Amino acid sequence: MTKNILIIGGGHNGLVCGAYLAKAGNKVTILEANDSVGGFLASHQFSDGYSVNGLAGVVHPLNPKIAKDLGIKAGGEPVDTISLGKDGRHLILGEDGVSGDKLSDKDKDAYRAFKKEFRNYAKALEPLTMNKPPRLKDMDTRDKFTLAKLGWKLRFGLGASSMREFLRVGGINIYDVLNEIIDDEQLKGAISFDAVLGHQMGPRTPTTVLTYLNRLRGETYGATSLAGANSAFEEAAAKAGVTIKTGAAVSKIVVENGKATGVVLEGGEEMNADIVVSNADAKTTFLDLVGAPELDAMFAKRISTTRTNGNVAKLHFALSALPNFNGLDADQLSNRLIVAPDMRYVEHAFNHSKYGEFSEKPILEITFPSLADISLAPEGHHVMAVSASFAPYNLKAGWDQNKSAFSHKVLSLIEDYAPGVSASVVADEILTPADIEQGFNVKGGHWHHGELTIDQSFMMRPIHGTAQYNTPIDGLFLCGAAAHPGGGVTGIPGHNAAERILSMKGGAS
Ligand SMILES: Cc1cc2nc3c(=O)[nH]c(=O)nc-3n(C[C@H](O)[C@H](O)[C@H](O)COP(=O)(O)OP(=O)(O)OC[C@H]3O[C@@H](n4cnc5c(N)ncnc54)[C@H](O)[C@@H]3O)c2cc1C
């Protein structure tokens with residue numbers, strides 16, 4: 001039977017979830033608070049004539065099933081990661097190989113073997129990724145099937161010795177693993193960068209092998225690329241028949257006798273629904289929109305104590321010319337550049353954030369989106385986008401007084417690699433996690449809507465009791481990055497949530 005479904009939030013996961021539910025014959029309406037859909041992927045003008053295609057600048061293709069089901073192609077031309085060296089010694093990390101001056105053949109071979117092995121681990125975890133996390137108690141047939149497939153992939157997909165190695169390293173930190181196999185400090189710094197970006201973690205933090213595998217999952221689907229215009233998700237939803245309403249902030253989820261029956265918009269309008277799905281983060285969904293009085297006290301308490309404070313600031317610079325990076329040709333600037341010279345540097349950058357300070361020497365991901373999409377800046381001009389870590393949400397000294405200090409720190413660090421870049425800056429913007437919370441309606445402004453630590457992953461994401469997309473409120477579901485398997489431009493939470501809703505007794509058609 002056709003159900004009337006309201007989705008709160010038009011992030012890419014809300015759009016994916018909506019497209020699947022509408023394709024299955026339901027009447028789906030997406031209610032987005034902002035003036036355009038896309039969430040962290042929404043295009044954003046930061047100065048007159050200068051824009052970016054969202055906060056998420058570096059993407060991978062979607063899981064092939066989602067891409068095929070919905071006809072969505074994410075990303076464009078493949079790019080390499082270039083780890084910048086102050087002395088002009090840069091490392092170029094491709095999907096499989098790495099090159100760079102003075103890099104030993106031993107390290108080149110070790111990198112190749114490491115990537116192959118770790119990509120196989122990421123592939124082996126796929127059954128867990130693309131399904132609801134199995135319940136450990138009261139498993140249904142699907143849960144048993146997921147675990148059986150996972151076991152099969154680990155034992156027979158990887159083989160006995162790889163499986164043993166995966167079990168050995170799976171729970172430890174990337175710092176120890178890399179020290180076992182690679183000598184070059186810059187190469188280790190570059191790999192550890194990918195394990196910690198977006199997380200409140202340094203290379204020595206336990207579970208950084210898992211966060212690295214989470215990142216590598218995208219590579220199992222295809223090459224890294226820069227995000228282009230992100231209308232594909234909106235188009236897929238619209239094509240499936242989803243109605244999209246922007247400027248429609250939801251202020252309340254109506255609950256009657258333990259069942260979600262609709263929502264109230266900020267303007268006071270009430271909308272009824274058979275099913276309500278939330279693309280908002282878990283704190284917003286349960287504490288702000290449902291409200292603690294409708295929840296079990298312990299459940300509300302556990303939601304309130306999830307760790308959701310972000311630590312990545314996004315900086316956008318409008319440039320009158322492309323900068324000159326020591327030792328790089330202009331055409332190499334279309335790649336992804338990173339500043340993470342070694343693992344100790346990355347760990348030190350992280351240490352500051354433990355004490356509520358921003359990094360004295362941050363780690364950086366730098367891209368020039370205007371090289372892939374010339375519409376983002378006036379002719380001859382460019383946009384430089386920088387993800388800078390660590391920039392804690394709760395800065396002890398307060399962000400209002402310190403934004404420009406951090407922005408200055410980031411720019412002067414880039415100046416070390418690209419002398420003269422500051423002189424070409426004609427406008428800039430810094431979005432701290434607190435600004436991201438405000439502008440994108442995500443508590444804490446966190447990359448993943450909440451840390452991806454073991455205690456907030458799999459069957460405990462965002463917390464146990466609501467880890468399979470359904471919630472303690474009948475007819476209310478989660479479909480965003482707060483749910484398994486977390487954030488990134490993957491569409492997977494949206495896909496899994498739709499499957500869950502469609503498969504549940506009393507769920508949608
Ligand atoms: C600085 C930064 C850089 C990043 N860079 C990358 C990157 O390079 N590559 C990558 O893969 N990932 C990146 N990410 C992570 C990635 O962008 C997110 O994990 C992902 O986009 C989350 O998608 P989502 O659809 O679940 O949620 P969101 O994109 O956050 O969408 C949620 C939507 O819900 C709406 N909403 C919330 N509350 C309400 C309400 N009450 N009423 C109506 N609407 C509401 C919001 O306005 C928003 O549109 C980055 C994240 C950050 C913060």
# chains A, B, ... in the order shown; residues from 1 in each chain; ligands from 1

$ residues_around --residues "His464 (chain A)" --least-positions-apart "5" --cutoff "10 Å" --atoms "only C-alpha atoms" --output "PyMOL selection string"
chain A and resi 135+299+302-303+455-459+471

$ write_last_selection --atoms "N, CA, C and O atoms" --output "compact mmCIF listing (two decimals), in the first residue's frame"
# COMPACT_ATOMS: atom_id res chain seq x y z
N ARG A 135 21.69 -7.28 14.43
CA ARG A 135 21.47 -7.28 15.89
C ARG A 135 22.17 -8.49 16.46
O ARG A 135 22.15 -9.56 15.85
N PHE A 299 17.66 6.32 27.06
CA PHE A 299 17.91 6.50 25.62
C PHE A 299 18.27 7.97 25.35
O PHE A 299 19.26 8.27 24.67
N ARG A 302 21.73 8.70 26.53
CA ARG A 302 22.80 8.14 25.69
C ARG A 302 22.95 8.94 24.39
O ARG A 302 24.05 9.16 23.92
N ILE A 303 21.83 9.38 23.84
CA ILE A 303 21.94 10.23 22.63
C ILE A 303 22.68 11.52 22.99
O ILE A 303 23.56 11.98 22.26
N ASP A 455 32.77 2.51 19.66
CA ASP A 455 31.54 2.57 20.46
C ASP A 455 30.42 3.34 19.78
O ASP A 455 29.30 3.39 20.28
N GLN A 456 30.71 3.97 18.62
CA GLN A 456 29.67 4.69 17.86
C GLN A 456 29.63 4.16 16.43
O GLN A 456 29.35 4.91 15.50
N SER A 457 29.97 2.87 16.25
CA SER A 457 29.96 2.30 14.90
C SER A 457 29.12 1.02 14.87
O SER A 457 28.74 0.49 15.91
N PHE A 458 28.87 0.58 13.64
CA PHE A 458 28.15 -0.67 13.39
C PHE A 458 26.84 -0.73 14.20
O PHE A 458 26.05 0.18 14.11
N MET A 459 26.68 -1.79 15.01
CA MET A 459 25.42 -1.96 15.73
C MET A 459 25.29 -1.01 16.92
O MET A 459 24.35 -1.11 17.72
N THR A 471 13.72 3.40 14.98
CA THR A 471 13.99 4.08 16.26
C THR A 471 12.99 3.59 17.31
O THR A 471 12.04 2.87 16.96

$ closest_atom_pairs --of "region 275-389 of chain A" --to "region 64-78 of chain A" --cutoff "10 Å" --atoms "only C-alpha atoms" --output "JSON lines"
{"residue": "A:Ser334", "atom": "CA", "partner": "A:Glu77", "partner_atom": "CA", "distance": 9.7}
{"residue": "A:Asn335", "atom": "CA", "partner": "A:Pro78", "partner_atom": "CA", "distance": 8.5}
{"residue": "A:Ala372", "atom": "CA", "partner": "A:Gly76", "partner_atom": "CA", "distance": 8.5}

$ closest_residue --among "A:Ser161, A:Asn63, A:Ser99, A:Ser43" --to "Tyr221 (chain A)" --atoms "only C-alpha atoms"
A:Asn63

$ residues_around --residues "region 410-426 of chain A" --least-positions-apart "5" --cutoff "6 Å" --atoms "only C-alpha atoms" --output "list in words"
Lys86, Ala318, Leu319, Ser320, Pro323, Asn324, Phe325 and Asn326 of chain A

$ write_last_selection --atoms "all heavy atoms" --output "PDB file, in the first residue's frame"
ATOM      1  N   LYS A  86      58.331  20.790   2.042  1.00  0.00           N
ATOM      2  CA  LYS A  86      58.780  22.184   2.037  1.00  0.00           C
ATOM      3  C   LYS A  86      59.962  22.390   1.103  1.00  0.00           C
ATOM      4  O   LYS A  86      60.108  23.428   0.462  1.00  0.00           O
ATOM      5  CB  LYS A  86      59.181  22.603   3.444  1.00  0.00           C
ATOM      6  CG  LYS A  86      58.050  23.214   4.187  1.00  0.00           C
ATOM      7  CD  LYS A  86      58.539  23.982   5.392  1.00  0.00           C
ATOM      8  CE  LYS A  86      57.337  24.247   6.268  1.00  0.00           C
ATOM      9  NZ  LYS A  86      57.584  24.201   7.660  1.00  0.00           N
ATOM     10  N   ALA A 318      39.367  33.267  -2.437  1.00  0.00           N
ATOM     11  CA  ALA A 318      39.211  33.747  -3.814  1.00  0.00           C
ATOM     12  C   ALA A 318      40.561  34.308  -4.240  1.00  0.00           C
ATOM     13  O   ALA A 318      41.128  35.165  -3.553  1.00  0.00           O
ATOM     14  CB  ALA A 318      38.149  34.842  -3.854  1.00  0.00           C
ATOM     15  N   LEU A 319      41.097  33.801  -5.353  1.00  0.00           N
ATOM     16  CA  LEU A 319      42.450  34.188  -5.771  1.00  0.00           C
ATOM     17  C   LEU A 319      42.424  34.896  -7.123  1.00  0.00           C
ATOM     18  O   LEU A 319      41.695  34.472  -8.032  1.00  0.00           O
ATOM     19  CB  LEU A 319      43.342  32.940  -5.895  1.00  0.00           C
ATOM     20  CG  LEU A 319      43.461  32.010  -4.681  1.00  0.00           C
ATOM     21  CD1 LEU A 319      44.351  30.809  -5.017  1.00  0.00           C
ATOM     22  CD2 LEU A 319      44.017  32.754  -3.477  1.00  0.00           C
ATOM     23  N   SER A 320      43.266  35.916  -7.247  1.00  0.00           N
ATOM     24  CA  SER A 320      43.335  36.614  -8.542  1.00  0.00           C
ATOM     25  C   SER A 320      44.207  35.842  -9.533  1.00  0.00           C
ATOM     26  O   SER A 320      44.216  36.150 -10.725  1.00  0.00           O
ATOM     27  CB  SER A 320      43.899  38.028  -8.334  1.00  0.00           C
ATOM     28  OG  SER A 320      45.169  37.930  -7.723  1.00  0.00           O
ATOM     29  N   PRO A 323      48.381  30.088  -7.540  1.00  0.00           N
ATOM     30  CA  PRO A 323      49.686  30.224  -6.884  1.00  0.00           C
ATOM     31  C   PRO A 323      50.747  29.314  -7.504  1.00  0.00           C
ATOM     32  O   PRO A 323      50.408  28.351  -8.202  1.00  0.00           O
ATOM     33  CB  PRO A 323      49.407  29.781  -5.450  1.00  0.00           C
ATOM     34  CG  PRO A 323      48.114  29.064  -5.474  1.00  0.00           C
ATOM     35  CD  PRO A 323      47.383  29.422  -6.722  1.00  0.00           C
ATOM     36  N   ASN A 324      51.998  29.630  -7.252  1.00  0.00           N
ATOM     37  CA  ASN A 324      53.108  28.762  -7.676  1.00  0.00           C
ATOM     38  C   ASN A 324      53.574  27.961  -6.483  1.00  0.00           C
ATOM     39  O   ASN A 324      54.085  28.526  -5.511  1.00  0.00           O
ATOM     40  CB  ASN A 324      54.305  29.610  -8.144  1.00  0.00           C
ATOM     41  CG  ASN A 324      54.037  30.184  -9.502  1.00  0.00           C
ATOM     42  OD1 ASN A 324      53.574  29.469 -10.386  1.00  0.00           O
ATOM     43  ND2 ASN A 324      54.314  31.472  -9.666  1.00  0.00           N
ATOM     44  N   PHE A 325      53.396  26.658  -6.542  1.00  0.00           N
ATOM     45  CA  PHE A 325      53.901  25.790  -5.470  1.00  0.00           C
ATOM     46  C   PHE A 325      55.306  25.342  -5.849  1.00  0.00           C
ATOM     47  O   PHE A 325      55.528  24.872  -6.975  1.00  0.00           O
ATOM     48  CB  PHE A 325      52.988  24.568  -5.293  1.00  0.00           C
ATOM     49  CG  PHE A 325      51.752  24.849  -4.478  1.00  0.00           C
ATOM     50  CD1 PHE A 325      50.680  25.540  -5.033  1.00  0.00           C
ATOM     51  CD2 PHE A 325      51.668  24.441  -3.159  1.00  0.00           C
ATOM     52  CE1 PHE A 325      49.544  25.809  -4.281  1.00  0.00           C
ATOM     53  CE2 PHE A 325      50.548  24.706  -2.393  1.00  0.00           C
ATOM     54  CZ  PHE A 325      49.474  25.391  -2.954  1.00  0.00           C
ATOM     55  N   ASN A 326      56.242  25.464  -4.902  1.00  0.00           N
ATOM     56  CA  ASN A 326      57.620  25.024  -5.167  1.00  0.00           C
ATOM     57  C   ASN A 326      57.624  23.607  -5.714  1.00  0.00           C
ATOM     58  O   ASN A 326      57.087  22.687  -5.086  1.00  0.00           O
ATOM     59  CB  ASN A 326      58.428  24.989  -3.862  1.00  0.00           C
ATOM     60  CG  ASN A 326      58.699  26.386  -3.362  1.00  0.00           C
ATOM     61  OD1 ASN A 326      58.769  27.325  -4.165  1.00  0.00           O
ATOM     62  ND2 ASN A 326      58.826  26.537  -2.038  1.00  0.00           N
TER      63      ASN A 326
END

$ residues_near_ligand --ligand "ligand 1" --cutoff "7 Å" --atoms "only C-alpha atoms and all ligand atoms" --output "NGL selection string"
:A and (8-14 or 31-34 or 37-41 or 55-59 or 248-251 or 279-281 or 284 or 312-314 or 387 or 436 or 440-442 or 445-449 or 480-482 or 486-490)

$ residues_around --residues "Asn309 (chain A)" --least-positions-apart "5" --cutoff "9 Å" --atoms "only C-alpha atoms" --output "number ranges by chain"
A: 200, 392-394, 433-434, 443-446, 449-451

$ write_last_selection --atoms "all heavy atoms" --output "mmCIF file, in the first residue's frame"
data_model
loop_
_atom_site.group_PDB
_atom_site.id
_atom_site.type_symbol
_atom_site.label_atom_id
_atom_site.label_comp_id
_atom_site.auth_asym_id
_atom_site.auth_seq_id
_atom_site.Cartn_x
_atom_site.Cartn_y
_atom_site.Cartn_z
ATOM 1 N N GLN A 200 38.145 12.929 15.469
ATOM 2 C CA GLN A 200 38.869 13.473 16.617
ATOM 3 C C GLN A 200 39.921 12.429 17.011
ATOM 4 O O GLN A 200 39.819 11.759 18.037
ATOM 5 C CB GLN A 200 37.854 13.778 17.746
ATOM 6 C CG GLN A 200 38.422 14.267 19.054
ATOM 7 C CD GLN A 200 39.119 15.621 18.942
ATOM 8 O OE1 GLN A 200 39.049 16.288 17.908
ATOM 9 N NE2 GLN A 200 39.817 16.013 19.973
ATOM 10 N N PRO A 392 38.871 22.595 16.849
ATOM 11 C CA PRO A 392 37.796 22.035 17.672
ATOM 12 C C PRO A 392 36.564 22.923 17.749
ATOM 13 O O PRO A 392 36.685 24.154 17.836
ATOM 14 C CB PRO A 392 38.440 21.867 19.051
ATOM 15 C CG PRO A 392 39.660 22.702 19.053
ATOM 16 C CD PRO A 392 40.088 22.888 17.624
ATOM 17 N N TYR A 393 35.414 22.279 17.719
ATOM 18 C CA TYR A 393 34.116 22.974 17.830
ATOM 19 C C TYR A 393 34.110 23.898 19.046
ATOM 20 O O TYR A 393 33.748 25.062 18.952
ATOM 21 C CB TYR A 393 33.022 21.904 17.950
ATOM 22 C CG TYR A 393 31.655 22.421 18.284
ATOM 23 C CD1 TYR A 393 30.853 22.992 17.313
ATOM 24 C CD2 TYR A 393 31.155 22.329 19.595
ATOM 25 C CE1 TYR A 393 29.578 23.463 17.625
ATOM 26 C CE2 TYR A 393 29.889 22.794 19.911
ATOM 27 C CZ TYR A 393 29.111 23.359 18.925
ATOM 28 O OH TYR A 393 27.866 23.817 19.233
ATOM 29 N N ASN A 394 34.532 23.350 20.180
ATOM 30 C CA ASN A 394 34.545 24.148 21.422
ATOM 31 C C ASN A 394 35.923 24.736 21.625
ATOM 32 O O ASN A 394 36.679 24.267 22.477
ATOM 33 C CB ASN A 394 34.214 23.241 22.617
ATOM 34 C CG ASN A 394 32.725 23.175 22.849
ATOM 35 O OD1 ASN A 394 32.020 24.146 22.628
ATOM 36 N ND2 ASN A 394 32.260 22.012 23.274
ATOM 37 N N PRO A 433 33.727 24.515 12.797
ATOM 38 C CA PRO A 433 32.638 23.576 13.080
ATOM 39 C C PRO A 433 31.401 24.281 13.651
ATOM 40 O O PRO A 433 30.271 23.874 13.362
ATOM 41 C CB PRO A 433 33.264 22.608 14.083
ATOM 42 C CG PRO A 433 34.719 22.597 13.717
ATOM 43 C CD PRO A 433 35.022 24.020 13.327
ATOM 44 N N ALA A 434 31.626 25.347 14.438
ATOM 45 C CA ALA A 434 30.467 26.072 14.987
ATOM 46 C C ALA A 434 29.681 26.753 13.862
ATOM 47 O O ALA A 434 28.441 26.782 13.875
ATOM 48 C CB ALA A 434 30.943 27.103 16.012
ATOM 49 N N LYS A 443 24.454 19.322 14.348
ATOM 50 C CA LYS A 443 25.003 19.571 15.684
ATOM 51 C C LYS A 443 26.502 19.263 15.721
ATOM 52 O O LYS A 443 26.930 18.176 15.311
ATOM 53 C CB LYS A 443 24.315 18.672 16.713
ATOM 54 C CG LYS A 443 22.925 19.099 17.065
ATOM 55 C CD LYS A 443 22.925 20.061 18.265
ATOM 56 C CE LYS A 443 21.549 20.321 18.800
ATOM 57 N NZ LYS A 443 20.600 20.989 17.951
ATOM 58 N N GLY A 444 27.282 20.229 16.192
ATOM 59 C CA GLY A 444 28.727 20.038 16.312
ATOM 60 C C GLY A 444 29.470 20.258 15.004
ATOM 61 O O GLY A 444 30.692 20.314 14.995
ATOM 62 N N GLY A 445 28.738 20.356 13.894
ATOM 63 C CA GLY A 445 29.389 20.562 12.586
ATOM 64 C C GLY A 445 30.337 19.430 12.236
ATOM 65 O O GLY A 445 31.368 19.639 11.602
ATOM 66 N N HIS A 446 29.978 18.211 12.662
ATOM 67 C CA HIS A 446 30.891 17.069 12.489
ATOM 68 C C HIS A 446 30.773 16.468 11.088
ATOM 69 O O HIS A 446 29.673 16.273 10.564
ATOM 70 C CB HIS A 446 30.574 16.001 13.541
ATOM 71 C CG HIS A 446 31.640 14.966 13.692
ATOM 72 N ND1 HIS A 446 31.876 13.990 12.750
ATOM 73 C CD2 HIS A 446 32.552 14.768 14.680
ATOM 74 C CE1 HIS A 446 32.887 13.233 13.161
ATOM 75 N NE2 HIS A 446 33.312 13.692 14.324
ATOM 76 N N HIS A 449 28.555 13.532 11.216
ATOM 77 C CA HIS A 449 27.413 13.710 12.147
ATOM 78 C C HIS A 449 27.693 12.987 13.467
ATOM 79 O O HIS A 449 26.762 12.628 14.174
ATOM 80 C CB HIS A 449 26.097 13.159 11.572
ATOM 81 C CG HIS A 449 25.518 13.963 10.438
ATOM 82 N ND1 HIS A 449 24.202 13.806 10.026
ATOM 83 C CD2 HIS A 449 26.051 14.893 9.607
ATOM 84 C CE1 HIS A 449 23.961 14.612 9.008
ATOM 85 N NE2 HIS A 449 25.076 15.283 8.730
ATOM 86 N N GLY A 450 28.952 12.696 13.789
ATOM 87 C CA GLY A 450 29.295 11.991 15.033
ATOM 88 C C GLY A 450 30.515 11.123 14.803
ATOM 89 O O GLY A 450 30.685 10.559 13.724
ATOM 90 N N GLU A 451 31.347 11.042 15.851
ATOM 91 C CA GLU A 451 32.608 10.283 15.722
ATOM 92 C C GLU A 451 32.375 8.851 15.251
ATOM 93 O O GLU A 451 31.385 8.224 15.602
ATOM 94 C CB GLU A 451 33.313 10.239 17.087
ATOM 95 C CG GLU A 451 34.087 11.489 17.410
ATOM 96 C CD GLU A 451 35.252 11.713 16.453
ATOM 97 O OE1 GLU A 451 36.068 10.818 16.281
ATOM 98 O OE2 GLU A 451 35.332 12.813 15.864
#

$ closest_residue --among "A:Val79, A:Leu91, A:Ala300, A:Ala19" --to "Ala227 (chain A)" --atoms "only C-alpha atoms"
A:Val79

$ residues_around --residues "Gln45 (chain A)" --least-positions-apart "4" --cutoff "12 Å" --atoms "only C-alpha atoms" --output "number ranges by chain"
A: 49-55, 316-318, 375-377, 383, 427-429

$ atom_distance --atom1 "CA of Ala160 (chain A)" --atom2 "CA of Thr208 (chain A)"
23.2 Å

$ residues_around --residues "region 121-129 of chain A" --least-positions-apart "6" --cutoff "9 Å" --atoms "only C-alpha atoms" --output "list of chain:residue names"
A:Thr146, A:Leu147, A:Lys149, A:Leu150, A:Gly151, A:Trp152, A:Lys153, A:Leu154, A:Gly157, A:Leu158, A:Ser162, A:Met163, A:Phe166, A:Leu210, A:Leu213, A:Asn214, A:Arg215, A:Leu216, A:Arg217, A:Thr220, A:Phe458, A:His484, A:Pro485, A:Ile492, A:Asn496

$ residues_around --residues "Leu6 (chain A)" --least-positions-apart "6" --cutoff "12 Å" --atoms "only C-alpha atoms" --output "PyMOL selection string"
chain A and resi 14-15+17-18+21-22+26-32+242-245+248+250+253-254+260-265+270-279+475-479+508

$ write_last_selection --atoms "N, CA and C atoms" --output "short mmCIF file (atom, residue, chain, number, x, y, z; two decimals), in the first residue's frame"
data_model
loop_
_atom_site.label_atom_id
_atom_site.label_comp_id
_atom_site.auth_asym_id
_atom_site.auth_seq_id
_atom_site.Cartn_x
_atom_site.Cartn_y
_atom_site.Cartn_z
N GLY A 14 19.29 11.93 2.33
CA GLY A 14 17.84 12.09 2.29
C GLY A 14 17.33 11.93 0.87
N LEU A 15 18.09 12.47 -0.09
CA LEU A 15 17.68 12.39 -1.50
C LEU A 15 17.74 10.94 -1.99
N CYS A 17 17.58 8.18 -0.10
CA CYS A 17 16.53 7.43 0.59
C CYS A 17 15.18 7.72 -0.07
N GLY A 18 14.92 9.01 -0.31
CA GLY A 18 13.65 9.41 -0.92
C GLY A 18 13.47 8.79 -2.30
N LEU A 21 12.48 5.15 -1.94
CA LEU A 21 11.12 4.98 -1.41
C LEU A 21 10.07 5.37 -2.45
N ALA A 22 10.37 6.42 -3.21
CA ALA A 22 9.41 6.85 -4.25
C ALA A 22 9.37 5.83 -5.39
N ASN A 26 5.85 4.89 -3.17
CA ASN A 26 5.35 5.71 -2.06
C ASN A 26 5.29 7.19 -2.44
N LYS A 27 4.49 7.93 -1.68
CA LYS A 27 4.39 9.38 -1.89
C LYS A 27 5.40 10.03 -0.93
N VAL A 28 6.48 10.58 -1.50
CA VAL A 28 7.58 11.05 -0.65
C VAL A 28 7.75 12.57 -0.79
N THR A 29 7.85 13.23 0.35
CA THR A 29 8.15 14.68 0.34
C THR A 29 9.39 14.92 1.20
N ILE A 30 10.35 15.64 0.62
CA ILE A 30 11.54 16.03 1.39
C ILE A 30 11.37 17.46 1.86
N LEU A 31 11.62 17.67 3.17
CA LEU A 31 11.52 19.01 3.75
C LEU A 31 12.91 19.47 4.14
N GLU A 32 13.44 20.44 3.43
CA GLU A 32 14.80 20.91 3.67
C GLU A 32 14.77 22.32 4.26
N VAL A 242 9.91 12.28 -6.18
CA VAL A 242 9.93 12.90 -4.85
C VAL A 242 9.57 14.39 -4.98
N THR A 243 8.73 14.87 -4.07
CA THR A 243 8.46 16.32 -4.00
C THR A 243 9.48 16.93 -3.04
N ILE A 244 10.13 18.00 -3.50
CA ILE A 244 11.16 18.62 -2.65
C ILE A 244 10.70 20.02 -2.24
N LYS A 245 10.68 20.27 -0.93
CA LYS A 245 10.33 21.62 -0.45
C LYS A 245 11.54 22.19 0.26
N ALA A 248 12.01 24.79 4.30
CA ALA A 248 10.97 24.14 5.11
C ALA A 248 11.63 23.48 6.31
N VAL A 250 11.88 21.87 9.80
CA VAL A 250 10.98 21.14 10.69
C VAL A 250 11.32 21.50 12.13
N ILE A 253 8.72 16.77 15.50
CA ILE A 253 8.15 15.52 14.99
C ILE A 253 6.99 15.19 15.92
N VAL A 254 5.80 15.06 15.32
CA VAL A 254 4.61 14.81 16.16
C VAL A 254 4.56 13.32 16.51
N ALA A 260 5.19 8.11 15.33
CA ALA A 260 5.35 9.39 14.61
C ALA A 260 4.19 9.53 13.63
N THR A 261 3.49 10.66 13.72
CA THR A 261 2.32 10.84 12.85
C THR A 261 2.48 12.03 11.92
N GLY A 262 3.59 12.74 12.03
CA GLY A 262 3.79 13.88 11.13
C GLY A 262 4.81 14.84 11.69
N VAL A 263 4.85 16.04 11.12
CA VAL A 263 5.81 17.05 11.59
C VAL A 263 5.13 18.41 11.66
N VAL A 264 5.78 19.32 12.37
CA VAL A 264 5.36 20.73 12.37
C VAL A 264 6.52 21.54 11.81
N LEU A 265 6.23 22.42 10.85
CA LEU A 265 7.29 23.28 10.29
C LEU A 265 7.47 24.52 11.18
N GLU A 270 1.33 22.15 9.95
CA GLU A 270 1.42 20.73 10.34
C GLU A 270 1.27 19.85 9.12
N MET A 271 2.05 18.81 9.05
CA MET A 271 1.96 17.87 7.92
C MET A 271 1.86 16.46 8.49
N ASN A 272 0.87 15.71 8.02
CA ASN A 272 0.70 14.34 8.51
C ASN A 272 1.51 13.38 7.67
N ALA A 273 1.85 12.24 8.26
CA ALA A 273 2.61 11.24 7.51
C ALA A 273 2.36 9.86 8.10
N ASP A 274 2.50 8.83 7.24
CA ASP A 274 2.49 7.46 7.76
C ASP A 274 3.87 7.14 8.35
N ILE A 275 4.90 7.70 7.69
CA ILE A 275 6.27 7.42 8.11
C ILE A 275 7.07 8.72 8.07
N VAL A 276 7.91 8.95 9.07
CA VAL A 276 8.81 10.12 9.08
C VAL A 276 10.24 9.58 9.08
N VAL A 277 11.06 10.14 8.19
CA VAL A 277 12.46 9.71 8.09
C VAL A 277 13.32 10.94 8.33
N SER A 278 14.36 10.79 9.13
CA SER A 278 15.20 11.96 9.42
C SER A 278 16.61 11.82 8.86
N ASN A 279 16.98 12.80 8.05
CA ASN A 279 18.35 12.93 7.53
C ASN A 279 19.16 13.85 8.46
N GLY A 475 7.45 4.15 13.33
CA GLY A 475 7.25 4.98 12.14
C GLY A 475 8.27 6.10 11.99
N LEU A 476 9.31 6.14 12.84
CA LEU A 476 10.37 7.15 12.70
C LEU A 476 11.69 6.43 12.40
N PHE A 477 12.38 6.89 11.36
CA PHE A 477 13.62 6.25 10.93
C PHE A 477 14.72 7.30 10.76
N LEU A 478 15.98 6.84 10.85
CA LEU A 478 17.14 7.69 10.54
C LEU A 478 17.66 7.29 9.16
N CYS A 479 18.17 8.26 8.40
CA CYS A 479 18.71 7.89 7.07
C CYS A 479 20.00 8.64 6.73
N ALA A 508 6.90 0.69 4.54
CA ALA A 508 6.29 1.22 3.33
C ALA A 508 6.07 0.13 2.29
#

$ atom_distance --atom1 "CA of Ile473 (chain A)" --atom2 "CA of Thr2 (chain A)"
20.7 Å

$ select_by_dssp --residues "region 29-187 of chain A" --states "helix (DSSP H, G or I)" --output "PyMOL selection string"
chain A and resi 39-41+64-70+105-124+126-129+141-157+160-169+174-181+185-187

$ atom_distance --atom1 "CA of Ile430 (chain A)" --atom2 "CA of Leu62 (chain A)"
28.8 Å

$ closest_residue --among "A:Lys23, A:Arg307, A:Lys115, A:Lys409" --to "Val98 (chain A)" --atoms "only C-alpha atoms"
A:Lys115

$ select_by_dssp --residues "region 284-341 of chain A" --states "strand (DSSP E)" --output "count of residues only"
12

$ closest_residue --among "A:Tyr345, A:Leu371, A:Val16, A:Gly398" --to "Glu357 (chain A)" --atoms "only C-alpha atoms"
A:Gly398

$ decode --residues "region 492-496 of chain A" --atoms "N, CA, C and O atoms" --output "short mmCIF file (atom, residue, chain, number, x, y, z; two decimals), in the first residue's frame"
data_model
loop_
_atom_site.label_atom_id
_atom_site.label_comp_id
_atom_site.auth_asym_id
_atom_site.auth_seq_id
_atom_site.Cartn_x
_atom_site.Cartn_y
_atom_site.Cartn_z
N ILE A 492 25.15 5.61 1.26
CA ILE A 492 24.87 4.27 1.81
C ILE A 492 23.86 4.32 2.97
O ILE A 492 22.93 3.50 2.99
N PRO A 493 23.99 5.27 3.94
CA PRO A 493 22.94 5.30 4.97
C PRO A 493 21.55 5.48 4.36
O PRO A 493 20.58 4.84 4.80
N GLY A 494 21.45 6.31 3.33
CA GLY A 494 20.16 6.55 2.67
C GLY A 494 19.63 5.28 2.02
O GLY A 494 18.44 4.95 2.13
N HIS A 495 20.52 4.56 1.36
CA HIS A 495 20.15 3.30 0.69
C HIS A 495 19.71 2.26 1.72
O HIS A 495 18.66 1.63 1.59
N ASN A 496 20.53 2.08 2.77
CA ASN A 496 20.22 1.05 3.76
C ASN A 496 18.92 1.37 4.51
O ASN A 496 18.13 0.47 4.81
#
